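Colleague: Dropping in start.pdb, which is PDB, C-alpha atoms:
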```
ATOM      1  CA  MET A  11     107.684  98.487 101.374
ATOM      2  CA  THR A  12     106.829 100.274 104.544
ATOM      3  CA  LEU A  13     107.036  99.630 108.236
ATOM      4  CA  HIS A  14     105.376 101.805 110.842
ATOM      5  CA  ILE A  15     105.845 101.088 114.517
ATOM      6  CA  GLN A  16     103.755 102.264 117.450
ATOM      7  CA  LYS A  17     105.206 101.901 120.924
ATOM      8  CA  SER A  18     104.064 102.797 124.409
ATOM      9  CA  PHE A  19     105.259 102.030 127.916
ATOM     10  CA  ASP A  20     102.752 100.791 130.482
ATOM     11  CA  HIS A  21     104.061 102.236 133.754
ATOM     12  CA  ASN A  22     101.656 100.197 135.865
ATOM     13  CA  LYS A  23     102.778  96.864 134.416
ATOM     14  CA  GLY A  24     106.325  98.009 133.641
ATOM     15  CA  LEU A  25     106.255  96.734 130.071
ATOM     16  CA  TRP A  26     106.506  97.973 126.526
ATOM     17  CA  ASN A  27     103.808  97.447 123.914
ATOM     18  CA  ILE A  28     105.377  97.611 120.470
ATOM     19  CA  ALA A  29     103.159  97.186 117.423
ATOM     20  CA  PRO A  30     104.816  97.083 113.999
ATOM     21  CA  GLN A  31     102.562  97.611 110.982
ATOM     22  CA  GLY A  32     103.520  96.589 107.450
ATOM     23  CA  GLU A  33     106.431  94.401 106.427
ATOM     24  CA  VAL A  34     109.767  93.446 107.970
ATOM     25  CA  ASP A  35     112.472  92.411 105.533
ATOM     26  CA  ILE A  36     116.127  93.275 104.878
ATOM     27  CA  SER A  37     115.240  96.897 104.121
ATOM     28  CA  THR A  38     113.084  97.526 107.195
ATOM     29  CA  ALA A  39     114.559  95.140 109.809
ATOM     30  CA  PRO A  40     117.039  97.839 111.002
ATOM     31  CA  VAL A  41     114.057 100.075 111.858
ATOM     32  CA  LEU A  42     112.557  97.357 114.062
ATOM     33  CA  ARG A  43     115.952  96.713 115.689
ATOM     34  CA  SER A  44     116.429 100.409 116.514
ATOM     35  CA  CYS A  45     112.909 100.730 117.873
ATOM     36  CA  ILE A  46     113.248  97.757 120.233
ATOM     37  CA  ASP A  47     116.731  98.769 121.394
ATOM     38  CA  GLU A  48     115.767 102.409 121.948
ATOM     39  CA  ALA A  49     112.663 101.415 123.899
ATOM     40  CA  PHE A  50     114.531  98.991 126.140
ATOM     41  CA  ASN A  51     117.366 101.458 126.740
ATOM     42  CA  GLU A  52     114.894 104.214 127.561
ATOM     43  CA  GLU A  53     113.075 102.080 130.120
ATOM     44  CA  ASN A  54     114.104  98.546 131.034
ATOM     45  CA  GLY A  55     111.071  96.269 131.000
ATOM     46  CA  ASN A  56     109.497  93.270 129.313
ATOM     47  CA  ILE A  57     108.332  93.798 125.743
ATOM     48  CA  ILE A  58     105.104  92.686 124.092
ATOM     49  CA  LEU A  59     105.380  92.667 120.322
ATOM     50  CA  ASP A  60     101.870  92.882 118.918
ATOM     51  CA  PHE A  61     102.001  91.506 115.368
ATOM     52  CA  ASP A  62      98.306  91.946 114.605
ATOM     53  CA  GLN A  63      99.043  94.491 111.861
ATOM     54  CA  LEU A  64     102.260  92.918 110.588
ATOM     55  CA  ARG A  65     101.607  91.430 107.146
ATOM     56  CA  TYR A  66     105.018  89.969 106.391
ATOM     57  CA  MET A  67     108.243  89.031 108.123
ATOM     58  CA  ASP A  68     111.197  86.852 107.130
ATOM     59  CA  SER A  69     114.448  85.699 108.749
ATOM     60  CA  THR A  70     115.758  89.253 108.945
ATOM     61  CA  GLY A  71     112.950  90.087 111.386
ATOM     62  CA  LEU A  72     113.399  86.813 113.259
ATOM     63  CA  GLY A  73     117.088  87.726 113.647
ATOM     64  CA  VAL A  74     116.196  91.101 115.148
ATOM     65  CA  ILE A  75     113.863  89.469 117.665
ATOM     66  CA  ILE A  76     116.327  86.701 118.557
ATOM     67  CA  GLY A  77     119.048  89.321 119.121
ATOM     68  CA  ALA A  78     116.839  91.463 121.332
ATOM     69  CA  TYR A  79     115.554  88.400 123.202
ATOM     70  CA  SER A  80     119.112  87.284 123.982
ATOM     71  CA  ARG A  81     120.272  90.718 125.134
ATOM     72  CA  MET A  82     117.193  91.224 127.304
ATOM     73  CA  LYS A  83     117.356  87.736 128.788
ATOM     74  CA  GLU A  84     120.840  88.504 130.126
ATOM     75  CA  LYS A  85     119.281  91.352 132.115
ATOM     76  CA  GLY A  86     116.332  89.302 133.323
ATOM     77  CA  TYR A  87     113.684  90.556 130.872
ATOM     78  CA  SER A  88     111.760  88.874 128.083
ATOM     79  CA  ILE A  89     109.911  89.428 124.811
ATOM     80  CA  VAL A  90     106.491  87.958 124.101
ATOM     81  CA  LEU A  91     105.030  87.904 120.615
ATOM     82  CA  LYS A  92     101.272  88.238 120.241
ATOM     83  CA  ASN A  93      98.753  87.888 117.406
ATOM     84  CA  PRO A  94     101.094  86.664 114.652
ATOM     85  CA  ARG A  95      99.319  86.072 111.343
ATOM     86  CA  LYS A  96      99.245  82.589 109.845
ATOM     87  CA  ASN A  97     102.187  83.188 107.492
ATOM     88  CA  ILE A  98     104.391  84.541 110.285
ATOM     89  CA  LEU A  99     103.320  81.848 112.756
ATOM     90  CA  LYS A 100     104.395  79.253 110.181
ATOM     91  CA  LEU A 101     107.917  80.726 110.153
ATOM     92  CA  LEU A 102     108.017  80.763 113.940
ATOM     93  CA  GLN A 103     106.966  77.104 113.998
ATOM     94  CA  ILE A 104     109.527  76.072 111.365
ATOM     95  CA  THR A 105     112.296  77.616 113.444
ATOM     96  CA  ASN A 106     110.860  76.475 116.819
ATOM     97  CA  LEU A 107     110.789  80.104 117.941
ATOM     98  CA  ASP A 108     107.058  79.838 118.643
ATOM     99  CA  ARG A 109     107.885  77.824 121.770
ATOM    100  CA  VAL A 110     110.171  80.600 123.007
ATOM    101  CA  LEU A 111     108.287  83.697 121.901
ATOM    102  CA  CYS A 112     104.621  82.629 121.791
ATOM    103  CA  ALA A 113     104.452  80.326 124.813
ATOM    104  CA  GLU A 114     100.879  81.398 125.544
ATOM    105  CA  LEU A 115      99.702  79.627 122.393
ATOM    106  CA  TYR A 116     100.575  76.339 124.080
ATOM    107  CA  GLU A 117      99.269  77.031 127.574
TER     108      GLU A 117
ATOM    109  CA  MET B  30     106.548  75.039  77.312
ATOM    110  CA  ALA B  31     107.368  77.150  80.351
ATOM    111  CA  ASP B  32     107.277  80.926  80.317
ATOM    112  CA  LEU B  33     110.476  82.538  81.559
ATOM    113  CA  LEU B  34     110.624  85.933  83.181
ATOM    114  CA  LYS B  35     113.897  87.545  84.184
ATOM    115  CA  LEU B  36     114.344  90.374  86.668
ATOM    116  CA  SER B  37     117.598  92.256  86.963
ATOM    117  CA  VAL B  38     117.630  93.698  90.457
ATOM    118  CA  PRO B  39     119.850  96.471  91.819
ATOM    119  CA  GLY B  40     121.840  95.374  94.856
ATOM    120  CA  LYS B  41     119.879  97.478  97.303
ATOM    121  CA  PRO B  42     117.669  96.148 100.127
ATOM    122  CA  GLU B  43     114.697  98.309  99.148
ATOM    123  CA  TYR B  44     114.157  96.303  95.940
ATOM    124  CA  VAL B  45     113.567  92.969  97.705
ATOM    125  CA  GLY B  46     109.961  93.983  98.396
ATOM    126  CA  MET B  47     109.421  94.692  94.717
ATOM    127  CA  VAL B  48     110.733  91.234  93.795
ATOM    128  CA  ARG B  49     108.419  89.728  96.401
ATOM    129  CA  MET B  50     105.441  91.539  94.918
ATOM    130  CA  ALA B  51     106.300  90.430  91.373
ATOM    131  CA  ILE B  52     106.774  86.795  92.445
ATOM    132  CA  SER B  53     103.485  86.909  94.307
ATOM    133  CA  CYS B  54     101.639  87.962  91.133
ATOM    134  CA  LEU B  55     103.374  85.290  89.066
ATOM    135  CA  ALA B  56     102.645  82.531  91.595
ATOM    136  CA  ASN B  57      99.014  83.619  91.669
ATOM    137  CA  SER B  58      98.821  83.376  87.877
ATOM    138  CA  VAL B  59     100.153  79.798  88.026
ATOM    139  CA  GLY B  60      97.315  78.895  90.396
ATOM    140  CA  PHE B  61      98.957  78.525  93.796
ATOM    141  CA  ASP B  62      96.783  78.978  96.882
ATOM    142  CA  ILE B  63      97.414  81.786  99.370
ATOM    143  CA  GLU B  64      99.544  79.695 101.739
ATOM    144  CA  ALA B  65     101.789  78.491  98.912
ATOM    145  CA  ILE B  66     102.143  82.043  97.576
ATOM    146  CA  GLU B  67     103.276  83.168 101.038
ATOM    147  CA  ASP B  68     105.804  80.305 101.125
ATOM    148  CA  ILE B  69     107.199  81.318  97.730
ATOM    149  CA  LYS B  70     107.374  85.003  98.715
ATOM    150  CA  VAL B  71     109.367  84.221 101.865
ATOM    151  CA  ALA B  72     111.706  81.770 100.110
ATOM    152  CA  VAL B  73     112.490  84.210  97.301
ATOM    153  CA  SER B  74     113.014  87.053  99.775
ATOM    154  CA  GLU B  75     115.430  84.884 101.727
ATOM    155  CA  ALA B  76     117.369  84.088  98.550
ATOM    156  CA  CYS B  77     117.503  87.798  97.615
ATOM    157  CA  THR B  78     118.651  88.649 101.147
ATOM    158  CA  ASN B  79     121.372  86.028 100.782
ATOM    159  CA  ALA B  80     122.506  87.567  97.499
ATOM    160  CA  LEU B  81     122.685  91.003  99.142
ATOM    161  CA  CYS B  82     124.486  89.767 102.249
ATOM    162  CA  HIS B  83     127.101  87.860 100.276
ATOM    163  CA  SER B  84     127.762  90.845  98.076
ATOM    164  CA  LYS B  85     130.730  92.898  99.186
ATOM    165  CA  ASN B  86     129.729  95.502  96.657
ATOM    166  CA  ARG B  87     125.978  95.948  97.039
ATOM    167  CA  ALA B  88     125.750  97.996  93.882
ATOM    168  CA  GLY B  89     126.520  94.794  91.987
ATOM    169  CA  GLY B  90     122.957  93.561  91.779
ATOM    170  CA  TYR B  91     121.585  90.085  91.064
ATOM    171  CA  GLU B  92     119.154  88.288  88.750
ATOM    172  CA  VAL B  93     115.894  86.530  89.514
ATOM    173  CA  TYR B  94     114.658  84.006  86.917
ATOM    174  CA  CYS B  95     111.091  82.685  87.111
ATOM    175  CA  GLU B  96     109.918  79.733  85.040
ATOM    176  CA  MET B  97     106.200  79.186  85.131
ATOM    177  CA  SER B  98     104.455  76.086  83.866
ATOM    178  CA  ASP B  99     101.122  74.400  84.524
ATOM    179  CA  ASP B 100     102.155  72.531  87.642
ATOM    180  CA  LYS B 101     105.101  74.404  89.103
ATOM    181  CA  ILE B 102     107.138  77.564  89.454
ATOM    182  CA  VAL B 103     110.932  77.501  89.361
ATOM    183  CA  VAL B 104     112.696  80.551  90.785
ATOM    184  CA  SER B 105     116.450  81.010  90.580
ATOM    185  CA  VAL B 106     118.280  83.837  92.321
ATOM    186  CA  VAL B 107     121.716  84.343  90.822
ATOM    187  CA  ASP B 108     124.438  86.630  92.123
ATOM    188  CA  GLN B 109     127.985  87.327  91.046
ATOM    189  CA  SER B 110     129.177  88.023  94.568
ATOM    190  CA  GLY B 111     132.126  85.672  94.679
ATOM    191  CA  GLY B 112     130.406  82.576  96.088
ATOM    192  CA  TYR B 113     131.140  80.965  99.429
ATOM    193  CA  ASP B 114     132.514  77.754 100.873
ATOM    194  CA  LYS B 115     129.530  75.389 100.866
ATOM    195  CA  ASN B 116     131.174  73.300 103.592
ATOM    196  CA  SER B 117     131.055  76.293 105.920
ATOM    197  CA  TYR B 118     127.247  76.161 105.979
ATOM    198  CA  LYS B 119     125.859  74.603 109.120
ATOM    199  CA  GLU B 120     122.227  73.893 109.870
ATOM    200  CA  PRO B 121     121.061  76.251 112.605
ATOM    201  CA  CYS B 122     120.736  74.826 116.096
ATOM    202  CA  LEU B 123     117.078  75.529 116.842
ATOM    203  CA  ASP B 124     117.511  74.962 120.576
ATOM    204  CA  GLN B 125     119.978  77.850 120.727
ATOM    205  CA  PRO B 126     118.672  80.403 118.235
ATOM    206  CA  LYS B 127     121.087  82.941 116.798
ATOM    207  CA  GLU B 128     120.502  86.155 114.912
ATOM    208  CA  GLY B 129     121.651  84.894 111.536
ATOM    209  CA  GLY B 130     121.833  81.711 109.499
ATOM    210  CA  LEU B 131     118.129  80.896 109.223
ATOM    211  CA  GLY B 132     117.615  81.914 105.575
ATOM    212  CA  ILE B 133     118.652  78.722 103.774
ATOM    213  CA  TYR B 134     116.990  76.587 106.442
ATOM    214  CA  ILE B 135     113.688  78.435 105.877
ATOM    215  CA  ILE B 136     113.961  78.188 102.077
ATOM    216  CA  LYS B 137     114.412  74.403 102.327
ATOM    217  CA  ALA B 138     111.441  74.114 104.680
ATOM    218  CA  LEU B 139     109.077  76.095 102.431
ATOM    219  CA  MET B 140     109.965  74.906  98.915
ATOM    220  CA  ASP B 141     109.616  71.425  97.394
ATOM    221  CA  GLU B 142     113.075  71.314  95.812
ATOM    222  CA  VAL B 143     116.109  73.494  96.532
ATOM    223  CA  ASP B 144     119.510  73.360  94.855
ATOM    224  CA  ILE B 145     122.378  75.667  95.730
ATOM    225  CA  PHE B 146     125.247  76.060  93.317
ATOM    226  CA  THR B 147     128.135  78.186  94.494
ATOM    227  CA  GLU B 148     131.622  78.707  93.173
ATOM    228  CA  ILE B 149     134.246  80.645  95.056
ATOM    229  CA  GLY B 150     135.391  83.608  93.016
ATOM    230  CA  ILE B 151     132.253  83.534  90.855
ATOM    231  CA  GLY B 152     128.907  83.586  92.600
ATOM    232  CA  THR B 153     125.889  81.679  93.871
ATOM    233  CA  ARG B 154     122.666  80.374  92.338
ATOM    234  CA  ILE B 155     119.786  79.277  94.531
ATOM    235  CA  LYS B 156     117.214  77.315  92.517
ATOM    236  CA  MET B 157     113.845  76.731  94.173
ATOM    237  CA  VAL B 158     110.885  74.704  92.904
ATOM    238  CA  LYS B 159     107.309  74.667  94.173
ATOM    239  CA  TYR B 160     104.612  72.389  92.730
ATOM    240  CA  THR B 161     100.949  73.338  92.639
ATOM    241  CA  LYS B 162      99.854  69.933  94.001
TER     242      LYS B 162
END
```
Translate the structure of the given file into structure tokens.

Modeller:
Amino acid sequence: MTLHIQKSFDHNKGLWNIAPQGEVDISTAPVLRSCIDEAFNEENGNIILDFDQLRYMDSTGLGVIIGAYSRMKEKGYSIVLKNPRKNILKLLQITNLDRVLCAELYE
Amino acid sequence: MADLLKLSVPGKPEYVGMVRMAISCLANSVGFDIEAIEDIKVAVSEACTNALCHSKNRAGGYEVYCEMSDDKIVVSVVDQSGGYDKNSYKEPCLDQPKEGGLGIYIIKALMDEVDIFTEIGIGTRIKMVKYTK
């Protein structure tokens, strides 16, 4: 199983765009964790996680995002999750994380 | 008469994806729709992740048993990782999300029947059932 991640920092808006492609499970979740942490440490800013190309994620990925969300919140920043596929949105809804991470879906 | 397929999986994270792929094919052959196949894939992955996380010696491995019949699939993930105290499990507090502890909660939400058998000093078996209707 593979996970590729593209990331870029928008200097005008002061935020990261991070787009994982592939699958996040117990074998690839550490890659996502490192990517998010390295990005935030390199340049503090809000993070947009674009899940358009993410086919699969389970609780290991949710754990990574919850951890990053908590650490960033302490410093006054946030993570927003965009374009989750139906299977991933279902997991977010089951765990109520959609309300925290995908607030725009309910605006 | 159900068909039984048994996978013996090395205790390494990189094999969870292979199990997921195999289960996906089996669920498709039983006749589940795409949403149900996704549910089964996630539930089985969570059970495999549990087996790996409970294992102090990851080289130990675990077994995945799949019983397929006309109206259901029964998947059991069995490890010999020493079990755990069932009373120590607490449902996650969804208002205050934490990094871990969501696996069993997600399995129960996605599957129709879930039984967890665990014995300290022996191991754990997570049995999950999904019906086609």

Colleague: Could you list, as a VMD selection string, every residue of chain A that has an atom within 7 Å of an atom of chain B, counting all atoms listed in the file?

Modeller: chain A and resid 11 36 to 37 68 to 69 73 to 74 76 to 77 97 105 to 106

Colleague: Quick one: of A:Val41, A:Glu84, A:Leu101, A:Ile57, who's nearest to Lys137 of chain B, counting only C-alpha atoms?

Modeller: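 For Lys137 of chain B, the nearest of the candidates is A:Leu101.
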
Colleague: Pick from A:Tyr79, A:Ala29, A:Phe61, A:Phe19: nearest to Asp47 of chain A, with all atoms listed in the file counted?

Modeller: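 Among A:Tyr79, A:Ala29, A:Phe61, A:Phe19, it is A:Tyr79 that comes nearest to Asp47 of chain A.
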
Colleague: Just say which residues the PyMOL selection byres ((chain A and resi 55) around 7) picks in this file, as a PDB file with C-alpha atoms, in the coordinates of the input.

Modeller:
```pdb
ATOM      1  CA  GLY A  24     106.325  98.009 133.641  1.00  0.00           C
ATOM      2  CA  LEU A  25     106.255  96.734 130.071  1.00  0.00           C
ATOM      3  CA  TRP A  26     106.506  97.973 126.526  1.00  0.00           C
ATOM      4  CA  PHE A  50     114.531  98.991 126.140  1.00  0.00           C
ATOM      5  CA  GLU A  53     113.075 102.080 130.120  1.00  0.00           C
ATOM      6  CA  ASN A  54     114.104  98.546 131.034  1.00  0.00           C
ATOM      7  CA  ASN A  56     109.497  93.270 129.313  1.00  0.00           C
ATOM      8  CA  ILE A  57     108.332  93.798 125.743  1.00  0.00           C
ATOM      9  CA  TYR A  87     113.684  90.556 130.872  1.00  0.00           C
TER      10      TYR A  87
END
```

Colleague: Give me the result of the PyMOL selection byres ((chain B and resi 99) around 9) on this file, residue by residue, as a PyMOL selection string.

Modeller: chain B and resi 31+59-60+97-98+100-102+161

Colleague: Here's the selection I'm unsure about, the PyMOL selection byres ((chain B and resi 141) around 7); applied to the file above, which residues does it give, as a PyMOL selection string?

Modeller: chain B and resi 139-140+142-143+158-160

Colleague: So which residues touch Ala39 of chain A within 8 Å, counting all atoms listed in the file, skipping near sequence neighbours fewer than 5 positions away, as a list in words?

Modeller: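 That gives Val34, Thr70, Gly71 and Val74 of chain A.
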
Colleague: Would you compute the box with edges along x, y and z of the file around segment 126-142 of chain B, including every atom the file lists for it and 8 Å extra on each side, and give its centre and edge lengths in Å to one decimal, as lines of an AutoDock Vina configuration file?

Modeller:
```
center_x = 115.5
center_y = 78.7
center_z = 107.0
size_x = 28.8
size_y = 30.8
size_z = 38.4
```

Colleague: Let me make sure I understand: among A:Ile58, A:Ile46, A:Ile15, A:Leu107, which one has the smallest atom-to-atom distance to Lys92 of chain A if we use all atoms listed in the file?

Modeller: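 Going through A:Ile58, A:Ile46, A:Ile15, A:Leu107 one by one, the smallest distance to Lys92 of chain A is for A:Ile58.
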
Colleague: Taking the structure in the block just given, could you write segment 18-81 of chain A with C-alpha atoms, as a PDB file, in the first residue's frame?

Modeller:
```pdb
ATOM      1  CA  SER A  18       2.880  23.535  -0.274  1.00  0.00           C
ATOM      2  CA  PHE A  19       2.776  26.681   1.827  1.00  0.00           C
ATOM      3  CA  ASP A  20       0.646  29.598   0.664  1.00  0.00           C
ATOM      4  CA  HIS A  21       2.585  32.641   1.883  1.00  0.00           C
ATOM      5  CA  ASN A  22      -0.236  35.039   1.054  1.00  0.00           C
ATOM      6  CA  LYS A  23      -2.805  33.177   3.152  1.00  0.00           C
ATOM      7  CA  GLY A  24      -0.274  31.801   5.642  1.00  0.00           C
ATOM      8  CA  LEU A  25      -1.538  28.237   5.383  1.00  0.00           C
ATOM      9  CA  TRP A  26      -0.392  24.803   4.353  1.00  0.00           C
ATOM     10  CA  ASN A  27      -2.078  22.739   1.655  1.00  0.00           C
ATOM     11  CA  ILE A  28      -1.339  19.075   2.262  1.00  0.00           C
ATOM     12  CA  ALA A  29      -2.739  16.498  -0.144  1.00  0.00           C
ATOM     13  CA  PRO A  30      -2.205  12.818   0.658  1.00  0.00           C
ATOM     14  CA  GLN A  31      -2.757  10.343  -2.176  1.00  0.00           C
ATOM     15  CA  GLY A  32      -3.353   6.631  -1.626  1.00  0.00           C
ATOM     16  CA  GLU A  33      -4.114   4.912   1.656  1.00  0.00           C
ATOM     17  CA  VAL A  34      -3.519   5.705   5.323  1.00  0.00           C
ATOM     18  CA  ASP A  35      -3.357   2.722   7.647  1.00  0.00           C
ATOM     19  CA  ILE A  36      -1.031   1.423  10.375  1.00  0.00           C
ATOM     20  CA  SER A  37       1.847   1.101   7.908  1.00  0.00           C
ATOM     21  CA  THR A  38       1.567   4.573   6.371  1.00  0.00           C
ATOM     22  CA  ALA A  39       0.099   6.681   9.218  1.00  0.00           C
ATOM     23  CA  PRO A  40       3.624   7.545  10.517  1.00  0.00           C
ATOM     24  CA  VAL A  41       4.394   9.117   7.115  1.00  0.00           C
ATOM     25  CA  LEU A  42       1.346  11.383   7.392  1.00  0.00           C
ATOM     26  CA  ARG A  43       2.250  12.267  10.995  1.00  0.00           C
ATOM     27  CA  SER A  44       5.814  13.231  10.028  1.00  0.00           C
ATOM     28  CA  CYS A  45       4.634  15.270   7.064  1.00  0.00           C
ATOM     29  CA  ILE A  46       2.144  17.312   9.102  1.00  0.00           C
ATOM     30  CA  ASP A  47       4.572  17.834  11.991  1.00  0.00           C
ATOM     31  CA  GLU A  48       7.464  18.811   9.718  1.00  0.00           C
ATOM     32  CA  ALA A  49       5.287  21.260   7.798  1.00  0.00           C
ATOM     33  CA  PHE A  50       3.942  22.924  10.931  1.00  0.00           C
ATOM     34  CA  ASN A  51       7.396  23.123  12.517  1.00  0.00           C
ATOM     35  CA  GLU A  52       8.852  24.595   9.341  1.00  0.00           C
ATOM     36  CA  GLU A  53       6.205  27.311   9.162  1.00  0.00           C
ATOM     37  CA  ASN A  54       3.470  27.765  11.749  1.00  0.00           C
ATOM     38  CA  GLY A  55       0.117  28.171  10.023  1.00  0.00           C
ATOM     39  CA  ASN A  56      -3.305  26.627   9.551  1.00  0.00           C
ATOM     40  CA  ILE A  57      -3.406  23.398   7.565  1.00  0.00           C
ATOM     41  CA  ILE A  58      -5.826  22.338   4.844  1.00  0.00           C
ATOM     42  CA  LEU A  59      -5.812  18.595   4.320  1.00  0.00           C
ATOM     43  CA  ASP A  60      -7.146  17.923   0.841  1.00  0.00           C
ATOM     44  CA  PHE A  61      -8.416  14.331   0.806  1.00  0.00           C
ATOM     45  CA  ASP A  62      -9.612  14.338  -2.800  1.00  0.00           C
ATOM     46  CA  GLN A  63      -7.058  11.681  -3.787  1.00  0.00           C
ATOM     47  CA  LEU A  64      -7.138   9.699  -0.545  1.00  0.00           C
ATOM     48  CA  ARG A  65      -8.841   6.360  -1.202  1.00  0.00           C
ATOM     49  CA  TYR A  66      -8.725   4.854   2.271  1.00  0.00           C
ATOM     50  CA  MET A  67      -8.158   5.855   5.871  1.00  0.00           C
ATOM     51  CA  ASP A  68      -8.891   4.157   9.194  1.00  0.00           C
ATOM     52  CA  SER A  69      -8.509   5.027  12.884  1.00  0.00           C
ATOM     53  CA  THR A  70      -4.733   5.203  12.582  1.00  0.00           C
ATOM     54  CA  GLY A  71      -5.121   8.197  10.253  1.00  0.00           C
ATOM     55  CA  LEU A  72      -7.846   9.720  12.416  1.00  0.00           C
ATOM     56  CA  GLY A  73      -5.439   9.440  15.369  1.00  0.00           C
ATOM     57  CA  VAL A  74      -2.733  11.311  13.467  1.00  0.00           C
ATOM     58  CA  ILE A  75      -5.146  14.119  12.613  1.00  0.00           C
ATOM     59  CA  ILE A  76      -6.578  14.323  16.139  1.00  0.00           C
ATOM     60  CA  GLY A  77      -3.035  14.519  17.553  1.00  0.00           C
ATOM     61  CA  ALA A  78      -1.990  17.259  15.154  1.00  0.00           C
ATOM     62  CA  TYR A  79      -5.265  19.133  15.696  1.00  0.00           C
ATOM     63  CA  SER A  80      -4.739  19.124  19.469  1.00  0.00           C
ATOM     64  CA  ARG A  81      -1.112  20.256  19.282  1.00  0.00           C
TER      65      ARG A  81
END
```
